[in-house]
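The next block is work31.txt, given as compact mmCIF, C-alpha atoms.
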```txt
# COMPACT_ATOMS: atom_id res chain seq x y z
CA MET A 9 187.50 -10.61 78.68
CA THR A 10 189.13 -8.52 81.40
CA GLY A 11 191.91 -7.79 78.97
CA GLN A 12 189.42 -6.27 76.54
CA ILE A 13 187.59 -4.18 79.13
CA PHE A 14 190.67 -2.21 80.18
CA PRO A 15 191.59 -0.85 76.71
CA ARG A 16 187.93 0.01 76.07
CA LEU A 17 187.74 1.80 79.41
CA LEU A 18 190.93 3.69 78.58
CA ILE A 19 189.73 4.69 75.11
CA GLY A 20 186.34 5.70 76.55
CA SER A 21 187.99 7.84 79.23
CA MET A 22 190.25 9.52 76.69
CA LEU A 23 187.33 10.30 74.38
CA THR A 24 185.25 11.64 77.27
CA MET A 25 188.11 13.84 78.45
CA THR A 26 188.84 15.07 74.93
CA LEU A 27 185.23 15.95 74.17
CA GLY A 28 184.38 17.15 77.67
CA LEU A 29 187.40 19.32 78.35
CA GLY A 30 187.74 20.30 74.73
CA THR A 31 184.28 21.81 74.50
CA GLY A 32 183.74 22.92 78.09
CA CYS A 33 185.78 25.72 79.65
CA SER A 34 187.68 26.03 76.43
CA HIS A 35 188.71 29.65 76.04
CA TRP A 36 189.49 32.63 78.23
CA ILE A 37 190.82 36.18 77.91
CA GLU A 38 193.44 37.95 79.98
CA LEU A 39 193.95 41.69 79.94
CA ALA A 40 197.34 42.93 81.02
CA ALA A 41 197.38 45.46 83.81
CA PRO A 42 197.49 48.95 82.24
CA THR A 43 200.90 50.61 82.30
CA ASP A 44 199.46 54.05 82.99
CA THR A 45 197.78 54.23 86.37
CA THR A 46 195.26 56.97 85.73
CA PRO A 47 192.51 56.47 88.30
CA PRO A 48 188.90 56.55 87.11
CA ALA A 49 188.02 60.23 86.98
CA SER A 50 184.77 62.12 87.35
CA ALA A 51 183.82 65.76 87.53
CA THR A 52 180.81 68.03 87.65
CA VAL A 53 180.61 70.65 84.94
CA ALA A 54 178.15 73.37 84.05
CA THR A 55 175.87 72.19 81.27
CA ASP A 56 176.00 75.48 79.41
CA ALA A 57 179.79 75.55 79.49
CA ARG A 58 180.07 72.45 77.38
CA VAL A 59 180.98 72.81 73.71
CA PRO A 60 180.47 70.51 70.72
CA LEU A 61 183.08 67.95 69.78
CA LEU A 62 184.17 67.13 66.25
CA LEU A 63 185.84 63.78 65.67
CA GLU A 64 188.01 64.80 62.74
CA THR A 65 190.20 61.79 62.01
CA ILE A 66 190.86 58.28 63.21
CA ARG A 67 194.06 56.75 61.89
CA VAL A 68 194.50 53.03 62.41
CA THR A 69 197.55 50.89 61.81
CA HIS A 70 197.65 47.12 62.02
CA ASN A 71 201.12 45.82 62.82
CA GLY A 72 202.50 49.00 61.32
CA SER A 73 200.42 48.98 58.14
CA ALA A 74 197.78 51.66 57.76
CA ILE A 75 194.25 50.34 57.35
CA ALA A 76 190.87 51.97 56.88
CA PRO A 77 189.23 52.40 60.29
CA PRO A 78 186.31 50.00 60.61
CA ALA A 79 182.95 51.75 60.95
CA ILE A 80 182.30 49.85 64.16
CA LEU A 81 185.47 51.31 65.67
CA GLU A 82 184.41 54.85 64.77
CA ARG A 83 181.06 54.25 66.42
CA GLN A 84 182.76 52.75 69.48
CA VAL A 85 185.05 55.77 69.86
CA LEU A 86 182.30 58.33 69.35
CA GLY A 87 179.99 56.39 71.66
CA ALA A 88 182.60 56.29 74.42
CA ILE A 89 183.24 60.03 74.14
CA GLU A 90 179.51 60.73 74.07
CA ALA A 91 178.99 58.60 77.18
CA THR A 92 181.32 60.86 79.19
CA ARG A 93 178.82 63.74 78.70
CA LEU A 94 181.73 66.19 78.65
CA PHE A 95 180.64 67.70 75.34
CA SER A 96 177.31 69.17 74.35
CA GLN A 97 177.08 67.66 70.87
CA HIS A 98 179.09 65.09 68.93
CA TYR A 99 179.96 65.39 65.27
CA GLN A 100 181.96 63.22 62.97
CA SER A 101 183.97 64.43 60.02
CA GLY A 102 182.11 63.77 56.79
CA HIS A 103 178.72 64.08 58.43
CA ALA A 104 176.84 67.10 59.87
CA GLN A 105 179.25 69.75 61.14
CA PRO A 106 178.97 72.32 63.94
CA ALA A 107 178.54 75.93 62.86
CA ALA A 108 181.78 77.54 61.65
CA ASN A 109 181.71 80.30 64.28
CA GLN A 110 180.82 77.94 67.12
CA ALA A 111 183.40 77.04 69.77
CA ARG A 112 184.32 73.39 69.44
CA VAL A 113 186.90 70.79 70.37
CA THR A 114 188.46 68.92 67.48
CA VAL A 115 189.66 65.37 68.10
CA ARG A 116 192.26 63.41 66.19
CA LEU A 117 192.81 59.83 67.26
CA SER A 118 195.59 57.50 66.24
CA ILE A 119 195.35 53.79 67.03
CA ASP A 120 198.25 51.40 66.54
CA ASN A 121 197.16 47.79 66.85
CA LEU A 122 199.70 45.08 67.45
CA VAL A 123 198.55 41.57 66.62
CA GLU A 124 200.55 38.47 67.44
CA PRO A 125 198.64 35.34 66.41
CA HIS A 126 201.56 33.03 67.36
CA ALA A 127 201.19 31.31 64.00
CA GLY A 128 204.30 29.15 64.32
CA GLN A 129 203.38 28.03 67.80
CA ALA A 130 199.80 27.30 66.67
CA ALA A 131 201.08 25.22 63.75
CA TRP A 132 203.42 23.14 65.89
CA ARG A 133 200.94 22.69 68.69
CA GLY A 134 198.25 21.86 66.15
CA LEU A 135 200.51 19.26 64.62
CA LEU A 136 201.10 17.77 68.06
CA VAL A 137 197.38 17.74 68.80
CA GLY A 138 196.70 16.06 65.46
CA ALA A 139 199.48 13.53 65.93
CA SER A 140 197.98 12.56 69.28
CA MET A 141 194.69 11.85 67.49
CA PHE A 142 193.27 14.91 69.31
CA THR A 143 193.63 13.36 72.77
CA LEU A 144 195.95 16.25 73.72
CA ALA A 145 193.49 18.87 72.48
CA PRO A 146 192.17 19.71 75.99
CA PHE A 147 195.68 20.09 77.37
CA ILE A 148 197.48 22.23 74.77
CA PRO A 149 196.23 25.81 74.64
CA LEU A 150 196.70 28.08 71.64
CA ASN A 151 197.35 31.78 72.16
CA TYR A 152 196.49 35.04 70.45
CA ASP A 153 197.87 38.38 71.64
CA TYR A 154 196.42 41.76 70.83
CA GLY A 155 197.59 45.20 71.87
CA ALA A 156 196.40 48.73 71.22
CA GLN A 157 198.28 51.99 71.59
CA MET A 158 196.17 55.11 71.26
CA SER A 159 197.25 58.71 70.88
CA LEU A 160 194.61 61.38 71.19
CA GLU A 161 195.05 64.97 70.14
CA MET A 162 192.36 67.37 71.30
CA GLU A 163 192.40 70.89 69.90
CA ARG A 164 190.39 73.61 71.52
CA TRP A 165 188.56 76.32 69.57
CA ASP A 166 191.40 78.76 70.30
CA GLY A 167 194.08 76.47 68.88
CA GLN A 168 195.43 75.12 72.16
CA THR A 169 195.99 71.39 72.04
CA LYS A 170 196.48 68.60 74.52
CA HIS A 171 197.85 65.16 73.84
CA TYR A 172 196.97 61.95 75.62
CA SER A 173 198.14 58.40 75.14
CA ALA A 174 197.26 54.99 76.51
CA THR A 175 198.27 51.40 75.95
CA SER A 176 196.41 48.17 76.55
CA ASN A 177 197.31 44.54 75.90
CA GLY A 178 195.47 41.27 76.16
CA SER A 179 195.69 37.60 75.28
CA ALA A 180 193.11 35.04 74.29
CA HIS A 181 193.82 31.44 75.15
CA TYR A 182 191.78 28.66 73.64
CA TYR A 183 191.83 24.96 72.98
CA LEU A 184 191.45 23.63 69.46
CA PHE A 185 187.79 22.65 69.81
CA GLY A 186 187.01 25.90 71.62
CA ALA A 187 188.35 28.20 68.90
CA ASN A 188 185.78 30.65 67.67
CA PRO A 189 186.06 33.94 65.76
CA GLU A 190 184.01 35.51 68.55
CA VAL A 191 186.81 34.88 71.06
CA ILE A 192 189.19 37.05 69.05
CA GLU A 193 186.55 39.73 68.52
CA GLN A 194 185.91 39.80 72.27
CA LEU A 195 189.63 40.16 72.93
CA LYS A 196 189.93 43.05 70.46
CA GLY A 197 186.82 44.71 71.84
CA GLN A 198 187.98 44.49 75.44
CA VAL A 199 191.50 45.72 74.69
CA THR A 200 190.14 48.65 72.67
CA GLU A 201 187.65 49.51 75.38
CA ALA A 202 190.27 49.37 78.15
CA CYS A 203 192.57 51.63 76.15
CA LEU A 204 189.80 54.05 75.30
CA SER A 205 188.68 54.21 78.94
CA SER A 206 192.22 54.99 80.04
CA LEU A 207 192.43 57.80 77.47
CA LEU A 208 189.11 59.31 78.42
CA ASP A 209 189.98 59.17 82.13
CA GLN A 210 192.87 61.48 81.30
CA VAL A 211 190.56 63.75 79.31
CA ILE A 212 188.06 63.94 82.19
CA GLN A 213 190.86 65.01 84.52
CA ASP A 214 191.39 67.98 82.18
CA SER A 215 187.68 68.60 81.78
CA THR A 216 187.87 72.30 82.68
CA PHE A 217 190.24 72.83 79.77
CA PHE A 218 187.49 71.88 77.32
CA LEU A 219 184.76 74.05 78.78
CA ALA A 220 183.85 77.46 77.44
CA GLY A 221 183.57 80.26 79.97
CA THR A 222 179.96 81.36 80.22
CA THR A 223 178.15 84.07 82.09
CA GLN A 224 175.19 82.58 83.89
CA PRO A 225 172.04 84.76 84.11
CA GLN A 226 171.27 85.76 87.69
CA ASP A 227 167.69 84.53 87.55
CA ARG A 228 168.61 80.98 86.45
CA PRO A 229 170.38 78.45 88.64
CA ILE A 230 173.53 76.87 87.25
CA ARG A 231 172.71 73.49 85.78
CA THR A 232 175.44 70.92 86.03
CA VAL A 233 176.14 67.46 84.70
CA SER A 234 178.42 64.74 86.02
CA VAL A 235 181.05 63.66 83.55
CA ALA A 236 182.90 60.37 83.78
CA VAL A 237 184.04 57.50 81.67
CA HIS A 238 181.19 55.09 81.19
CA ARG A 239 182.23 51.52 81.92
CA PRO A 240 179.84 48.72 81.08
CA SER A 241 179.36 46.23 83.91
CA SER A 242 180.73 43.47 81.69
CA ARG A 243 184.03 45.28 81.19
CA ALA A 244 186.97 42.92 81.48
CA VAL A 245 189.34 43.47 84.37
CA PRO A 246 192.99 42.51 84.17
CA VAL A 247 192.48 39.04 85.53
CA SER A 248 191.99 35.72 83.86
CA ARG A 249 188.42 34.60 83.60
CA SER A 250 186.56 32.00 81.62
CA LEU A 251 184.05 33.16 79.08
CA PRO A 252 180.69 31.53 78.59
CA ASP A 253 181.22 28.82 76.07
CA SER A 254 180.04 29.93 72.66
CA SER A 255 181.65 27.24 70.60
CA PRO A 256 179.39 25.37 68.21
CA ARG A 257 178.15 22.07 69.56
CA MET B 13 179.70 4.19 37.60
CA PRO B 14 179.64 3.12 41.26
CA LEU B 15 176.73 4.15 43.43
CA LEU B 16 178.89 6.24 45.75
CA THR B 17 180.29 8.22 42.83
CA ARG B 18 176.79 8.92 41.58
CA ILE B 19 175.71 10.05 45.04
CA LEU B 20 178.72 12.34 45.29
CA ILE B 21 178.11 13.88 41.87
CA LEU B 22 174.46 14.46 42.79
CA PHE B 23 175.53 16.06 46.07
CA ALA B 24 178.06 18.27 44.29
CA LEU B 25 175.55 19.40 41.66
CA GLY B 26 172.95 19.98 44.36
CA SER B 27 175.42 22.10 46.32
CA LEU B 28 176.23 24.16 43.26
CA MET B 29 172.57 24.72 42.49
CA THR B 30 171.68 25.71 46.04
CA THR B 31 174.74 27.85 46.59
CA THR B 32 174.09 31.47 45.76
CA VAL B 33 176.90 32.41 43.45
CA VAL B 34 177.02 36.03 44.50
CA HIS B 35 180.39 37.61 44.67
CA ALA B 36 179.44 40.14 47.34
CA ALA B 37 181.01 43.02 45.41
CA ASP B 38 184.12 40.85 44.99
CA ARG B 39 185.05 41.31 48.62
CA SER B 40 187.69 38.85 49.71
CA PRO B 41 186.35 36.07 51.96
CA THR B 42 187.43 36.56 55.55
CA ILE B 43 188.76 33.44 57.20
CA THR B 44 189.85 34.18 60.76
CA VAL B 45 191.02 32.24 63.79
CA GLY B 46 188.26 29.87 64.83
CA THR B 47 186.64 29.59 61.40
CA GLN B 48 185.60 25.99 60.84
CA GLU B 49 185.61 24.23 57.51
CA VAL B 50 183.62 21.17 56.59
CA GLY B 51 184.61 19.55 53.33
CA LEU B 52 183.66 16.70 51.10
CA THR B 53 186.28 15.55 48.67
CA ALA B 54 186.33 12.74 46.15
CA GLY B 55 189.06 11.45 43.90
CA TYR B 56 190.32 8.47 42.02
CA MET B 57 193.36 6.54 43.17
CA LEU B 58 195.92 5.63 40.51
CA HIS B 59 198.72 3.26 41.48
CA HIS B 60 202.48 3.88 41.37
CA ARG B 61 204.83 0.90 41.30
CA LEU B 62 207.98 2.51 42.60
CA THR B 63 210.14 -0.66 42.67
CA GLN B 64 210.21 -4.00 40.89
CA ASP B 65 208.75 -5.58 44.03
CA HIS B 66 205.59 -3.57 43.61
CA THR B 67 203.23 -5.54 41.41
CA THR B 68 199.76 -4.57 42.57
CA LYS B 69 197.89 -2.11 40.39
CA GLN B 70 195.45 -0.89 43.00
CA GLU B 71 192.97 1.74 41.96
CA GLY B 72 189.53 2.98 42.77
CA PRO B 73 187.47 5.92 43.97
CA ALA B 74 188.21 7.64 47.27
CA PHE B 75 185.94 9.77 49.45
CA MET B 76 187.24 12.09 52.14
CA PRO B 77 184.84 14.05 54.34
CA SER B 78 186.81 16.41 56.52
CA TRP B 79 186.62 18.99 59.30
CA MET B 80 189.18 21.72 59.92
CA MET B 81 189.70 24.59 62.33
CA THR B 82 191.66 27.70 61.32
CA VAL B 83 194.21 28.43 64.05
CA THR B 84 195.97 31.54 62.69
CA ASP B 85 195.06 34.76 60.99
CA PRO B 86 196.90 35.32 57.69
CA VAL B 87 200.60 35.69 58.45
CA GLY B 88 203.43 36.97 56.28
CA ASP B 89 203.53 39.77 53.74
CA GLY B 90 204.86 38.21 50.56
CA TRP B 91 203.60 35.54 48.20
CA TYR B 92 203.66 33.05 51.06
CA ARG B 93 201.11 35.00 53.11
CA GLY B 94 198.70 32.45 54.48
CA GLN B 95 197.12 30.70 57.40
CA VAL B 96 197.23 27.34 59.14
CA SER B 97 194.32 24.98 59.73
CA ILE B 98 194.22 21.84 61.83
CA GLY B 99 191.63 19.10 61.49
CA ALA B 100 190.89 15.58 60.50
CA GLU B 101 189.35 13.59 57.70
CA ILE B 102 187.86 10.19 57.23
CA VAL B 103 189.20 8.49 54.15
CA TYR B 104 187.28 5.75 52.43
CA ILE B 105 188.75 3.98 49.42
CA GLN B 106 186.96 1.42 47.33
CA PHE B 107 189.72 -0.61 45.70
CA ARG B 108 188.27 -1.78 42.39
CA GLU B 109 191.55 -3.32 41.25
CA PRO B 110 193.06 -5.86 41.69
CA PHE B 111 190.17 -7.03 43.89
CA LEU B 112 186.99 -5.32 44.96
CA THR B 113 187.97 -4.46 48.52
CA HIS B 114 187.64 -1.52 50.85
CA GLY B 115 189.71 0.65 53.11
CA VAL B 116 188.76 3.19 55.74
CA GLY B 117 190.93 5.45 57.88
CA PHE B 118 190.96 8.46 60.16
CA ASN B 119 193.60 11.09 59.42
CA PRO B 120 194.52 14.14 61.47
CA LYS B 121 195.42 16.83 58.97
CA ILE B 122 197.29 20.13 58.74
CA LYS B 123 196.80 22.62 55.92
CA TYR B 124 198.53 25.84 54.92
CA THR B 125 196.37 28.06 52.74
CA PHE B 126 197.96 30.87 50.75
CA ALA B 127 195.72 33.88 51.27
CA GLY B 128 197.21 36.45 48.92
CA LEU B 129 195.09 35.81 45.85
CA ASP B 130 191.64 36.92 46.94
CA ARG B 131 189.11 34.22 45.95
CA ILE B 132 191.63 31.77 44.53
CA ARG B 133 193.57 30.22 47.37
CA PRO B 134 196.19 27.54 46.78
CA TYR B 135 197.00 25.28 49.67
CA ALA B 136 199.36 22.51 50.75
CA GLU B 137 198.22 19.78 53.10
CA PHE B 138 199.59 16.84 55.01
CA ALA B 139 197.64 14.07 56.70
CA GLY B 140 198.31 10.73 58.29
CA GLY B 141 196.59 8.18 60.45
CA PRO B 142 195.42 4.61 60.92
CA PHE B 143 193.87 2.83 57.97
CA TRP B 144 192.10 -0.51 57.82
CA THR B 145 191.79 -2.40 54.56
CA ASP B 146 190.86 -5.91 53.52
CA LEU B 147 193.01 -5.54 50.41
CA ALA B 148 196.04 -6.38 52.55
CA GLY B 149 196.67 -10.08 52.77
CA LYS B 150 195.47 -10.54 49.21
CA ILE B 151 198.45 -8.77 47.67
CA PRO B 152 202.19 -9.34 48.02
CA GLU B 153 203.00 -5.83 49.27
CA GLU B 154 200.99 -5.76 52.47
CA SER B 155 200.22 -8.52 54.96
CA SER B 156 198.18 -6.92 57.76
CA ARG B 157 194.78 -5.31 57.54
CA PHE B 158 195.75 -2.63 60.04
CA ASN B 159 197.88 -0.02 58.28
CA PHE B 160 198.68 3.65 58.24
CA VAL B 161 198.08 6.24 55.56
CA LEU B 162 200.44 9.12 54.89
CA THR B 163 199.38 11.66 52.35
CA ALA B 164 200.73 14.99 51.17
CA GLY B 165 199.49 17.21 48.41
CA PHE B 166 198.39 20.54 47.17
CA GLY B 167 195.23 22.06 45.80
CA ILE B 168 193.40 25.20 44.89
CA SER B 169 190.25 26.53 46.53
CA TYR B 170 188.02 28.85 44.57
CA PHE B 171 185.57 30.68 46.80
CA LEU B 172 182.16 30.66 45.14
CA THR B 173 180.79 32.69 48.05
CA ASP B 174 182.27 33.90 51.33
CA HIS B 175 181.31 30.57 52.87
CA ALA B 176 181.67 27.98 50.12
CA ALA B 177 184.65 26.96 48.04
CA LEU B 178 185.30 24.57 45.21
CA ASN B 179 188.53 22.57 45.59
CA ILE B 180 190.68 20.65 43.17
CA GLY B 181 194.11 19.20 43.78
CA TYR B 182 196.50 16.32 43.90
CA ARG B 183 197.80 14.06 46.66
CA PHE B 184 200.48 11.47 46.90
CA HIS B 185 199.13 8.58 48.93
CA HIS B 186 201.13 5.97 50.81
CA ILE B 187 199.78 2.97 52.70
CA SER B 188 201.93 0.70 54.87
CA ASN B 189 201.84 -0.86 58.33
CA ALA B 190 204.91 0.81 59.91
CA GLY B 191 206.71 -2.53 60.13
CA THR B 192 204.19 -4.17 62.43
CA ARG B 193 204.05 -7.21 60.08
CA TYR B 194 205.96 -8.35 57.03
CA PRO B 195 205.92 -8.11 54.09
CA ASN B 196 205.46 -4.36 54.27
CA ILE B 197 206.59 -2.86 50.98
CA GLY B 198 203.80 -0.33 50.96
CA LEU B 199 201.29 0.83 48.40
CA ASN B 200 201.81 4.15 46.66
CA ALA B 201 199.36 6.06 44.56
CA SER B 202 198.41 9.38 43.06
CA LEU B 203 195.08 10.78 44.09
CA PRO B 204 193.72 13.65 42.00
CA PHE B 205 190.65 15.00 43.74
CA GLY B 206 187.88 17.57 43.72
CA GLY B 207 185.27 18.68 46.20
CA PHE B 208 183.61 21.41 48.20
CA SER B 209 184.30 23.16 51.47
CA PHE B 210 181.88 25.11 53.60
CA PHE B 211 183.15 27.70 56.08
CA PHE B 212 181.32 28.87 59.18
```

Full structure transcribed into structure tokens:
Amino acid sequence: MTGQIFPRLLIGSMLTMTLGLGTGCSHWIELAAPTDTTPPASATVATDARVPLLLETIRVTHNGSAIAPPAILERQVLGAIEATRLFSQHYQSGHAQPAANQARVTVRLSIDNLVEPHAGQAAWRGLLVGASMFTLAPFIPLNYDYGAQMSLEMERWDGQTKHYSATSNGSAHYYLFGANPEVIEQLKGQVTEACLSSLLDQVIQDSTFFLAGTTQPQDRPIRTVSVAVHRPSSRAVPVSRSLPDSSPR
Amino acid sequence: MPLLTRILILFALGSLMTTTVVHAADRSPTITVGTQEVGLTAGYMLHHRLTQDHTTKQEGPAFMPSWMMTVTDPVGDGWYRGQVSIGAEIVYIQFREPFLTHGVGFNPKIKYTFAGLDRIRPYAEFAGGPFWTDLAGKIPEESSRFNFVLTAGFGISYFLTDHAALNIGYRFHHISNAGTRYPNIGLNASLPFGGFSFFF
């Protein structure tokens, strides 16, 4: 009788550990510390000195191969620029355009994404997890790396241009039962956002370059606006943290 | 026709009728890391007597519900571009010959799906695990009821929608007890199969 209880206890413990650890704190994201150390920038600019911005092109490559930029990425980029409040209006190529004789800043963005899904490692580790009848599932993490390198060209109405670049990398770690497409989407979103913030910090530091000189009427006070990179409170910082579990139960 | 086969056919027809066969402008289904796959597969086991010592002509229907998790995005650029899935399946075999007996097992499974052909996706799979059967002991090849199954095969998935696929394929199926008791010649069989997978 005692001899039967021990194996049952062992099997029960293993199953509990596998299911408990495998579905609990089962995935997390790490962002690498940014290589460029541009501090968060802010400035105060005259409202009337701001000019419209035209997002002319976004070129995206995925591991070196050119791909069509996803609409969500275009919205994310335009939204991030808009949130800085450095420009008076925001246009996108192919949609409504600013007037031809109006001073404007034209933006060209190039994004090179580097994806390393560690396929070979995932296959071997998966095989090991399977061979252990999934008892090793809570102990063997699988990894997914994602990096973004952005180059931004901003051309002023008089033809002068400035170039900015930023790089951001991150990794998602997950256990087999905690894998979820959302984990990878979160990783991509956070890496893109970190890279974009770094780029726009550089742009804000040059904010005066993108302002048109205006003559303010004597009888009207100068109206100003604070410009800065908008960072959501949920923005990932370059530390490891567990995400709320969103794996299917 | 056995009851289980009838149930499976009804289930398959029901799935086909309730599945909206819309090709979504022929957009390729997107299977990414973390996509789960639940499948129901059925086949018919046909014996192979590989040596003169093999005399049993075991055969019968097999049912294999499965779960899989995709662990890589498509990798590679050539014809071998594809992705890896890890999972498990329960295999139930009703041996109708030489005696009406049963076998049930649990098999961890690995699958490589070729992703270069849009909605038609060939795959290769390998599975193995413990298998209990009361056929053993009644035949000269196998003596113990506790055995192992090793199976390897290939198939083709045709995506009816972005989330449902029809599968057909072939597996080679081996049953033996890893030398835990003798005799242990092993039972070998071909297992052509068909079924459905649902992705979410």

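Within 6 Å of chain B, counting all atoms listed in the file, chain A contributes Pro125, Ala127, Gly134, Gly138, Ala187, Asn188 and Pro189 of chain A.
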
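Of the listed residues A:Leu122, A:Leu184, A:Ala131, A:Ala57, the one whose atoms come nearest to Gly155 in chain A is A:Leu122, with distances taken using only C-alpha atoms.
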
Can you tell me which residues surround range 196-213 of chain A at a distance of at most 8 Å, considering all atoms listed in the file, apart from same-chain residues fewer than 3 positions away, and format the answer as a PyMOL selection string? chain A and resi 39+44+46-51+85+88-89+92+94+154-158+160+172-178+192-193+235-239+243-244

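From CA of Gln105 in chain A back to CA of Arg67 in chain A, the distance works out to 19.7 Å.
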
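Note that the spacing between CA of Met76 in chain B and CA of Glu137 in chain B amounts to 13.4 Å.
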
Between B:Phe143, B:Phe107, B:Phe171, B:Phe208, single out the one closest to Ser78 in chain B, counting all atoms listed in the file. B:Phe208

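Nearest to Met57 in chain B of all the residues B:Ala74, B:Leu178, B:Ala127, B:Val103 is B:Ala74, counting only C-alpha atoms.
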
What is the CA of Ser209 in chain B-CA of Phe147 in chain A distance in Å, reported with one decimal? 28.5 Å

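Take the candidates B:Tyr56, B:Phe160, B:Tyr92, B:Phe126 and check each one against Glu109 in chain B using all atoms listed in the file; the shortest distance goes to B:Tyr56.
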
Taking (202.7, -4.9, 40.8) as a centre in this file's frame and 12 Å as the limit, can you find every polymer residue with an atom that close, using all atoms listed in the file, and give them as a PyMOL selection string? chain B and resi 59-71+109-110+151-154+197-200

Residue nearest Ala148 in chain B among B:Leu112, B:Leu162, B:Leu129, B:Ala176 (counting all atoms listed in the file): B:Leu112

Would you compute an axis-aligned box for range 136-148 of chain A, covering every atom listed for it in the file with 8 Å of margin on each side, and report centre and edge lengths in Å to one decimal as AutoDock Vina command-line options?
```
--center_x 196.6 --center_y 17.0 --center_z 71.4 --size_x 24.9 --size_y 26.4 --size_z 27.9
```

At most 12 Å from (199.1, -11.9, 57.6), file frame, all atoms listed in the file: which residues, as a ChimeraX atom specification? /B:146-159,189,192-196

Please, could you write that set of residues out with C-alpha atoms as an mmCIF file, in the frame of the given file?
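Final output, result24.cif:
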```cif
data_model
loop_
_atom_site.group_PDB
_atom_site.id
_atom_site.type_symbol
_atom_site.label_atom_id
_atom_site.label_comp_id
_atom_site.auth_asym_id
_atom_site.auth_seq_id
_atom_site.Cartn_x
_atom_site.Cartn_y
_atom_site.Cartn_z
ATOM 1 C CA ASP B 146 190.860 -5.910 53.520
ATOM 2 C CA LEU B 147 193.010 -5.540 50.410
ATOM 3 C CA ALA B 148 196.040 -6.380 52.550
ATOM 4 C CA GLY B 149 196.670 -10.080 52.770
ATOM 5 C CA LYS B 150 195.470 -10.540 49.210
ATOM 6 C CA ILE B 151 198.450 -8.770 47.670
ATOM 7 C CA PRO B 152 202.190 -9.340 48.020
ATOM 8 C CA GLU B 153 203.000 -5.830 49.270
ATOM 9 C CA GLU B 154 200.990 -5.760 52.470
ATOM 10 C CA SER B 155 200.220 -8.520 54.960
ATOM 11 C CA SER B 156 198.180 -6.920 57.760
ATOM 12 C CA ARG B 157 194.780 -5.310 57.540
ATOM 13 C CA PHE B 158 195.750 -2.630 60.040
ATOM 14 C CA ASN B 159 197.880 -0.020 58.280
ATOM 15 C CA ASN B 189 201.840 -0.860 58.330
ATOM 16 C CA THR B 192 204.190 -4.170 62.430
ATOM 17 C CA ARG B 193 204.050 -7.210 60.080
ATOM 18 C CA TYR B 194 205.960 -8.350 57.030
ATOM 19 C CA PRO B 195 205.920 -8.110 54.090
ATOM 20 C CA ASN B 196 205.460 -4.360 54.270
#
```

Kindly reconstruct range 72-83 of chain B with N, CA and C atoms and present the result as a CSV table (one decimal), in the frame of the given file.
```csv
chain,number,residue,atom,x,y,z
B,72,GLY,N,190.9,2.9,42.4
B,72,GLY,CA,189.5,3.0,42.8
B,72,GLY,C,189.2,4.4,43.3
B,73,PRO,N,187.9,4.6,43.5
B,73,PRO,CA,187.5,5.9,44.0
B,73,PRO,C,187.7,6.1,45.5
B,74,ALA,N,188.0,7.3,45.9
B,74,ALA,CA,188.2,7.6,47.3
B,74,ALA,C,187.3,8.8,47.7
B,75,PHE,N,186.8,8.7,48.9
B,75,PHE,CA,185.9,9.8,49.4
B,75,PHE,C,186.5,10.2,50.8
B,76,MET,N,186.6,11.6,51.0
B,76,MET,CA,187.2,12.1,52.1
B,76,MET,C,186.5,13.2,52.8
B,77,PRO,N,185.5,13.0,53.6
B,77,PRO,CA,184.8,14.0,54.3
B,77,PRO,C,185.8,14.6,55.4
B,78,SER,N,185.8,15.9,55.6
B,78,SER,CA,186.8,16.4,56.5
B,78,SER,C,186.2,17.6,57.4
B,79,TRP,N,186.9,17.8,58.4
B,79,TRP,CA,186.6,19.0,59.3
B,79,TRP,C,187.9,19.7,59.6
B,80,MET,N,188.0,21.0,59.6
B,80,MET,CA,189.2,21.7,59.9
B,80,MET,C,188.9,23.0,60.7
B,81,MET,N,189.8,23.4,61.5
B,81,MET,CA,189.7,24.6,62.3
B,81,MET,C,190.9,25.5,62.0
B,82,THR,N,190.6,26.7,61.6
B,82,THR,CA,191.7,27.7,61.3
B,82,THR,C,192.3,28.2,62.6
B,83,VAL,N,193.6,28.1,62.8
B,83,VAL,CA,194.2,28.4,64.0
B,83,VAL,C,195.1,29.7,64.0
```
